[in-house]
>>> print(open('upload_15.txt').read())   # compact mmCIF, C-alpha atoms
# COMPACT_ATOMS: atom_id res chain seq x y z
CA MET A 1 58.95 89.53 -20.05
CA TYR A 2 57.00 92.73 -19.48
CA ILE A 3 54.15 93.90 -21.70
CA ASP A 4 52.68 97.32 -21.12
CA ASN A 5 48.92 97.85 -21.13
CA GLU A 6 48.80 99.29 -24.65
CA HIS A 7 50.58 96.31 -26.20
CA PHE A 8 48.58 93.90 -24.08
CA ASP A 9 45.29 95.44 -25.22
CA LYS A 10 46.33 95.27 -28.89
CA TRP A 11 47.46 91.69 -28.46
CA MET A 12 44.16 90.74 -26.76
CA GLU A 13 42.21 92.49 -29.51
CA ARG A 14 44.02 90.49 -32.21
CA LEU A 15 43.54 87.29 -30.24
CA SER A 16 39.82 88.00 -29.82
CA LYS A 17 39.45 88.73 -33.54
CA LYS A 18 41.26 85.50 -34.46
CA LEU A 19 39.10 83.46 -32.07
CA SER A 20 35.97 85.00 -33.61
CA GLU A 21 37.18 84.00 -37.08
CA ILE A 22 37.86 80.46 -35.88
CA GLY A 23 34.39 80.36 -34.30
CA GLN A 24 32.79 81.41 -37.61
CA ASP A 25 34.78 78.73 -39.45
CA LEU A 26 33.60 76.12 -36.95
CA LYS A 27 29.98 77.23 -37.33
CA SER A 28 30.21 76.91 -41.10
CA LEU A 29 31.66 73.40 -40.74
CA ILE A 30 28.96 72.34 -38.30
CA ASN A 31 26.12 73.71 -40.46
CA THR A 32 26.79 71.45 -43.45
CA ASP A 33 23.40 69.73 -43.41
CA ASN A 34 22.37 71.37 -46.68
CA VAL A 35 25.60 70.79 -48.62
CA LEU A 36 24.33 67.56 -50.20
CA ASP A 37 20.85 66.43 -51.03
CA PRO A 38 19.64 64.05 -48.27
CA ASN A 39 19.36 61.25 -50.86
CA ASP A 40 22.95 61.73 -52.04
CA LYS A 41 25.03 59.10 -50.35
CA LEU A 42 28.79 59.43 -50.81
CA LEU A 43 30.98 56.41 -51.31
CA ALA A 44 34.76 56.14 -51.05
CA ASN A 45 36.90 53.85 -53.20
CA GLN A 46 36.67 50.93 -50.77
CA ASP A 47 32.88 51.21 -50.66
CA LEU A 48 32.56 51.21 -54.42
CA GLU A 49 35.10 48.40 -54.88
CA PHE A 50 32.99 46.25 -52.55
CA LEU A 51 29.70 47.31 -54.11
CA LEU A 52 30.75 46.71 -57.72
CA LYS A 53 33.15 43.87 -56.90
CA VAL A 54 36.02 45.51 -58.80
CA SER A 55 39.60 46.48 -57.96
CA PHE A 56 41.02 49.89 -57.18
CA HIS A 57 42.78 49.80 -60.56
CA THR A 58 39.48 49.20 -62.38
CA LEU A 59 37.88 52.20 -60.68
CA GLN A 60 40.94 54.25 -61.56
CA GLN A 61 40.56 53.29 -65.23
CA HIS A 62 36.87 54.25 -65.25
CA ARG A 63 37.66 57.60 -63.62
CA ALA A 64 40.49 58.29 -66.07
CA SER A 65 38.28 57.44 -69.06
CA GLY A 66 35.59 59.81 -67.80
CA LYS A 67 32.99 57.04 -67.55
CA LEU A 68 32.69 57.32 -63.78
CA SER A 69 32.01 60.73 -62.24
CA TYR A 70 33.77 61.58 -59.01
CA PHE A 71 35.15 64.45 -56.98
CA THR A 72 38.06 64.65 -54.59
CA ILE A 73 38.45 65.77 -51.02
CA SER A 74 42.03 65.88 -49.76
CA HIS A 75 43.17 63.94 -52.84
CA LYS A 76 40.73 61.06 -52.15
CA PRO A 77 38.06 60.27 -54.74
CA TYR A 78 34.42 60.10 -53.68
CA TYR A 79 31.39 59.03 -55.69
CA ARG A 80 27.76 60.17 -55.49
CA ALA A 81 25.13 57.42 -55.46
CA PRO A 82 23.21 58.86 -58.47
CA ASP A 83 26.45 58.91 -60.50
CA ILE A 84 27.11 55.28 -59.60
CA ARG A 85 23.59 54.27 -60.65
CA ALA A 86 24.03 56.06 -63.98
CA PHE A 87 27.42 54.40 -64.51
CA VAL A 88 26.00 50.94 -63.82
CA GLN A 89 22.99 51.55 -66.10
CA GLU A 90 25.23 52.68 -68.96
CA ASN A 91 27.90 50.02 -68.61
CA ALA A 92 26.24 46.84 -67.36
CA ASN A 93 24.30 44.36 -69.43
CA CYS A 94 20.62 43.91 -68.56
CA LYS A 95 21.07 40.79 -66.45
CA THR A 96 23.92 42.30 -64.43
CA TYR A 97 22.01 45.54 -63.93
CA GLU A 98 18.88 43.75 -62.74
CA ARG A 99 20.97 41.80 -60.21
CA PHE A 100 22.67 45.03 -59.05
CA LYS A 101 19.29 46.76 -58.74
CA LYS A 102 17.86 43.91 -56.71
CA GLU A 103 20.91 43.56 -54.43
CA ASN A 104 20.99 47.30 -53.73
CA GLN A 105 17.21 47.83 -53.58
CA LEU A 106 17.27 50.58 -56.18
CA ASP A 107 13.58 50.14 -56.99
CA THR A 108 12.69 50.80 -53.34
CA GLN A 109 14.92 53.91 -53.21
CA THR A 110 13.55 55.27 -56.48
CA ASN A 111 9.92 54.72 -55.40
CA ALA A 112 10.61 56.37 -52.03
CA LYS A 113 12.09 59.44 -53.77
CA GLN A 114 9.08 59.71 -56.05
CA GLY A 115 6.68 59.29 -53.14
CA GLY A 116 5.36 55.99 -54.45
>>> encode(input="upload_15.txt", output="structure tokens")
Amino acid sequence: MYIDNEHFDKWMERLSKKLSEIGQDLKSLINTDNVLDPNDKLLANQDLEFLLKVSFHTLQQHRASGKLSYFTISHKPYYRAPDIRAFVQENANCKTYERFKKENQLDTQTNAKQGG
């Protein structure tokens, strides 16, 4: 196959432009440090099932009812730690919540956030 100089130059120009676009996309993916607050830990379904000692179906029911906030990435639900704390506070009885707080050191995390 023979490509003359004019076609080759145009092809190289398009290739260079595409590589530059890909490079910009990669830079934006790498520089994601400020997407979430440093204190915002994300949990997947398995993490939250283990943490709350509930089944996948139970989490699904809480999401469907709107009681448990979440967002999806590639069709997988993820949960923010502050949303989980709020859910537990609203839905657990006092004794259960105190045990959850102690097991997950929420007092320590809250005091560290507040600088205390």
>>> axis_aligned_box(input="upload_15.txt", around="stretch 53-64 of chain A", padding_each_side="8 Å", output="AutoDock Vina command-line options")
--center_x 38.0 --center_y 51.1 --center_z -61.5 --size_x 25.6 --size_y 30.4 --size_z 25.2
>>> residues_around(input="upload_15.txt", residues="A:Val88", least_positions_apart="3", cutoff="12 Å", atoms="all atoms listed in the file", output="number ranges by chain")
A: 48, 51-52, 62, 67-69, 81-85, 91-101, 104, 106
>>> atom_distance(input="upload_15.txt", atom1="atom CA of A:Ser20", atom2="atom CA of A:His7")
19.9 Å
>>> atom_distance(input="upload_15.txt", atom1="atom CA of A:Lys76", atom2="atom CA of A:Asn45")
8.2 Å
>>> closest_residue(input="upload_15.txt", among="A:Val54, A:Leu43, A:Ala64, A:Leu59", to="A:Tyr79", atoms="all atoms listed in the file")
A:Leu43
>>> closest_residue(input="upload_15.txt", among="A:Tyr78, A:Ser16, A:Thr72, A:Arg63", to="A:Asp40", atoms="only C-alpha atoms")
A:Tyr78
>>> closest_residue(input="upload_15.txt", among="A:Gln89, A:Leu26, A:Leu19, A:Ala44", to="A:Ile73", atoms="only C-alpha atoms")
A:Ala44
>>> decode(input="upload_15.txt", residues="stretch 54-68 of chain A", atoms="all heavy atoms", output="PDB file, in the first residue's frame")
ATOM      1  N   VAL A  54     -25.951  -7.450  56.973  1.00  0.00           N
ATOM      2  CA  VAL A  54     -27.215  -7.632  56.265  1.00  0.00           C
ATOM      3  C   VAL A  54     -26.933  -8.261  54.900  1.00  0.00           C
ATOM      4  O   VAL A  54     -25.791  -8.304  54.454  1.00  0.00           O
ATOM      5  CB  VAL A  54     -27.991  -6.304  56.082  1.00  0.00           C
ATOM      6  CG1 VAL A  54     -28.360  -5.699  57.423  1.00  0.00           C
ATOM      7  CG2 VAL A  54     -27.195  -5.313  55.254  1.00  0.00           C
ATOM      8  N   SER A  55     -28.001  -8.715  54.246  1.00  0.00           N
ATOM      9  CA  SER A  55     -27.852  -9.341  52.931  1.00  0.00           C
ATOM     10  C   SER A  55     -27.905  -8.301  51.817  1.00  0.00           C
ATOM     11  O   SER A  55     -28.326  -7.161  52.027  1.00  0.00           O
ATOM     12  CB  SER A  55     -28.974 -10.362  52.722  1.00  0.00           C
ATOM     13  OG  SER A  55     -30.215  -9.686  52.595  1.00  0.00           O
ATOM     14  N   PHE A  56     -27.547  -8.751  50.637  1.00  0.00           N
ATOM     15  CA  PHE A  56     -27.645  -7.908  49.441  1.00  0.00           C
ATOM     16  C   PHE A  56     -29.092  -7.474  49.245  1.00  0.00           C
ATOM     17  O   PHE A  56     -29.371  -6.320  48.926  1.00  0.00           O
ATOM     18  CB  PHE A  56     -27.137  -8.674  48.215  1.00  0.00           C
ATOM     19  CG  PHE A  56     -27.386  -7.946  46.925  1.00  0.00           C
ATOM     20  CD1 PHE A  56     -26.534  -6.944  46.515  1.00  0.00           C
ATOM     21  CD2 PHE A  56     -28.481  -8.257  46.129  1.00  0.00           C
ATOM     22  CE1 PHE A  56     -26.764  -6.263  45.329  1.00  0.00           C
ATOM     23  CE2 PHE A  56     -28.724  -7.580  44.947  1.00  0.00           C
ATOM     24  CZ  PHE A  56     -27.858  -6.585  44.548  1.00  0.00           C
ATOM     25  N   HIS A  57     -30.024  -8.401  49.446  1.00  0.00           N
ATOM     26  CA  HIS A  57     -31.446  -8.107  49.259  1.00  0.00           C
ATOM     27  C   HIS A  57     -31.910  -7.008  50.224  1.00  0.00           C
ATOM     28  O   HIS A  57     -32.675  -6.115  49.843  1.00  0.00           O
ATOM     29  CB  HIS A  57     -32.276  -9.383  49.455  1.00  0.00           C
ATOM     30  CG  HIS A  57     -33.735  -9.174  49.257  1.00  0.00           C
ATOM     31  ND1 HIS A  57     -34.298  -8.924  48.026  1.00  0.00           N
ATOM     32  CD2 HIS A  57     -34.750  -9.147  50.145  1.00  0.00           C
ATOM     33  CE1 HIS A  57     -35.602  -8.770  48.160  1.00  0.00           C
ATOM     34  NE2 HIS A  57     -35.900  -8.907  49.446  1.00  0.00           N
ATOM     35  N   THR A  58     -31.436  -7.048  51.452  1.00  0.00           N
ATOM     36  CA  THR A  58     -31.809  -6.015  52.431  1.00  0.00           C
ATOM     37  C   THR A  58     -31.315  -4.646  51.989  1.00  0.00           C
ATOM     38  O   THR A  58     -32.057  -3.660  52.057  1.00  0.00           O
ATOM     39  CB  THR A  58     -31.252  -6.370  53.830  1.00  0.00           C
ATOM     40  OG1 THR A  58     -31.775  -7.641  54.223  1.00  0.00           O
ATOM     41  CG2 THR A  58     -31.608  -5.321  54.859  1.00  0.00           C
ATOM     42  N   LEU A  59     -30.082  -4.573  51.521  1.00  0.00           N
ATOM     43  CA  LEU A  59     -29.561  -3.296  51.021  1.00  0.00           C
ATOM     44  C   LEU A  59     -30.380  -2.819  49.832  1.00  0.00           C
ATOM     45  O   LEU A  59     -30.697  -1.630  49.721  1.00  0.00           O
ATOM     46  CB  LEU A  59     -28.097  -3.428  50.608  1.00  0.00           C
ATOM     47  CG  LEU A  59     -27.076  -3.589  51.722  1.00  0.00           C
ATOM     48  CD1 LEU A  59     -25.678  -3.695  51.138  1.00  0.00           C
ATOM     49  CD2 LEU A  59     -27.168  -2.462  52.714  1.00  0.00           C
ATOM     50  N   GLN A  60     -30.750  -3.747  48.971  1.00  0.00           N
ATOM     51  CA  GLN A  60     -31.547  -3.416  47.803  1.00  0.00           C
ATOM     52  C   GLN A  60     -32.895  -2.816  48.217  1.00  0.00           C
ATOM     53  O   GLN A  60     -33.357  -1.832  47.639  1.00  0.00           O
ATOM     54  CB  GLN A  60     -31.752  -4.686  46.978  1.00  0.00           C
ATOM     55  CG  GLN A  60     -32.212  -4.473  45.576  1.00  0.00           C
ATOM     56  CD  GLN A  60     -32.229  -5.785  44.817  1.00  0.00           C
ATOM     57  OE1 GLN A  60     -32.459  -6.854  45.385  1.00  0.00           O
ATOM     58  NE2 GLN A  60     -31.973  -5.700  43.520  1.00  0.00           N
ATOM     59  N   GLN A  61     -33.505  -3.382  49.248  1.00  0.00           N
ATOM     60  CA  GLN A  61     -34.782  -2.859  49.748  1.00  0.00           C
ATOM     61  C   GLN A  61     -34.618  -1.450  50.306  1.00  0.00           C
ATOM     62  O   GLN A  61     -35.464  -0.579  50.054  1.00  0.00           O
ATOM     63  CB  GLN A  61     -35.341  -3.780  50.844  1.00  0.00           C
ATOM     64  CG  GLN A  61     -35.871  -5.084  50.312  1.00  0.00           C
ATOM     65  CD  GLN A  61     -36.336  -5.982  51.438  1.00  0.00           C
ATOM     66  OE1 GLN A  61     -35.742  -6.023  52.512  1.00  0.00           O
ATOM     67  NE2 GLN A  61     -37.418  -6.710  51.187  1.00  0.00           N
ATOM     68  N   HIS A  62     -33.547  -1.210  51.052  1.00  0.00           N
ATOM     69  CA  HIS A  62     -33.314   0.119  51.622  1.00  0.00           C
ATOM     70  C   HIS A  62     -33.037   1.148  50.525  1.00  0.00           C
ATOM     71  O   HIS A  62     -33.473   2.297  50.630  1.00  0.00           O
ATOM     72  CB  HIS A  62     -32.168   0.088  52.627  1.00  0.00           C
ATOM     73  CG  HIS A  62     -32.488  -0.638  53.901  1.00  0.00           C
ATOM     74  ND1 HIS A  62     -33.605  -0.371  54.653  1.00  0.00           N
ATOM     75  CD2 HIS A  62     -31.831  -1.632  54.539  1.00  0.00           C
ATOM     76  CE1 HIS A  62     -33.629  -1.159  55.707  1.00  0.00           C
ATOM     77  NE2 HIS A  62     -32.556  -1.939  55.659  1.00  0.00           N
ATOM     78  N   ARG A  63     -32.311   0.747  49.489  1.00  0.00           N
ATOM     79  CA  ARG A  63     -32.077   1.656  48.369  1.00  0.00           C
ATOM     80  C   ARG A  63     -33.385   1.975  47.649  1.00  0.00           C
ATOM     81  O   ARG A  63     -33.675   3.134  47.357  1.00  0.00           O
ATOM     82  CB  ARG A  63     -31.091   1.040  47.361  1.00  0.00           C
ATOM     83  CG  ARG A  63     -29.665   0.986  47.827  1.00  0.00           C
ATOM     84  CD  ARG A  63     -28.711   0.689  46.684  1.00  0.00           C
ATOM     85  NE  ARG A  63     -29.113  -0.400  45.824  1.00  0.00           N
ATOM     86  CZ  ARG A  63     -28.736  -1.669  45.968  1.00  0.00           C
ATOM     87  NH1 ARG A  63     -27.931  -2.007  46.968  1.00  0.00           N
ATOM     88  NH2 ARG A  63     -29.139  -2.597  45.111  1.00  0.00           N
ATOM     89  N   ALA A  64     -34.174   0.937  47.388  1.00  0.00           N
ATOM     90  CA  ALA A  64     -35.439   1.113  46.660  1.00  0.00           C
ATOM     91  C   ALA A  64     -36.416   1.991  47.438  1.00  0.00           C
ATOM     92  O   ALA A  64     -37.159   2.780  46.842  1.00  0.00           O
ATOM     93  CB  ALA A  64     -36.065  -0.240  46.361  1.00  0.00           C
ATOM     94  N   SER A  65     -36.399   1.877  48.766  1.00  0.00           N
ATOM     95  CA  SER A  65     -37.314   2.677  49.586  1.00  0.00           C
ATOM     96  C   SER A  65     -36.837   4.117  49.742  1.00  0.00           C
ATOM     97  O   SER A  65     -37.567   4.965  50.234  1.00  0.00           O
ATOM     98  CB  SER A  65     -37.482   2.038  50.971  1.00  0.00           C
ATOM     99  OG  SER A  65     -36.275   2.160  51.713  1.00  0.00           O
ATOM    100  N   GLY A  66     -35.590   4.378  49.352  1.00  0.00           N
ATOM    101  CA  GLY A  66     -35.047   5.726  49.480  1.00  0.00           C
ATOM    102  C   GLY A  66     -34.445   6.003  50.846  1.00  0.00           C
ATOM    103  O   GLY A  66     -34.003   7.117  51.119  1.00  0.00           O
ATOM    104  N   LYS A  67     -34.403   5.006  51.707  1.00  0.00           N
ATOM    105  CA  LYS A  67     -33.835   5.204  53.046  1.00  0.00           C
ATOM    106  C   LYS A  67     -32.310   5.284  53.029  1.00  0.00           C
ATOM    107  O   LYS A  67     -31.714   5.934  53.869  1.00  0.00           O
ATOM    108  CB  LYS A  67     -34.238   4.045  53.970  1.00  0.00           C
ATOM    109  CG  LYS A  67     -35.686   4.026  54.353  1.00  0.00           C
ATOM    110  CD  LYS A  67     -35.958   2.866  55.282  1.00  0.00           C
ATOM    111  CE  LYS A  67     -37.421   2.785  55.658  1.00  0.00           C
ATOM    112  NZ  LYS A  67     -37.677   1.624  56.524  1.00  0.00           N
ATOM    113  N   LEU A  68     -31.706   4.606  52.062  1.00  0.00           N
ATOM    114  CA  LEU A  68     -30.248   4.532  51.999  1.00  0.00           C
ATOM    115  C   LEU A  68     -29.762   5.209  50.721  1.00  0.00           C
ATOM    116  O   LEU A  68     -30.048   4.762  49.612  1.00  0.00           O
ATOM    117  CB  LEU A  68     -29.791   3.065  52.029  1.00  0.00           C
ATOM    118  CG  LEU A  68     -28.298   2.794  52.024  1.00  0.00           C
ATOM    119  CD1 LEU A  68     -27.609   3.491  53.205  1.00  0.00           C
ATOM    120  CD2 LEU A  68     -28.045   1.293  52.091  1.00  0.00           C
TER     121      LEU A  68
END
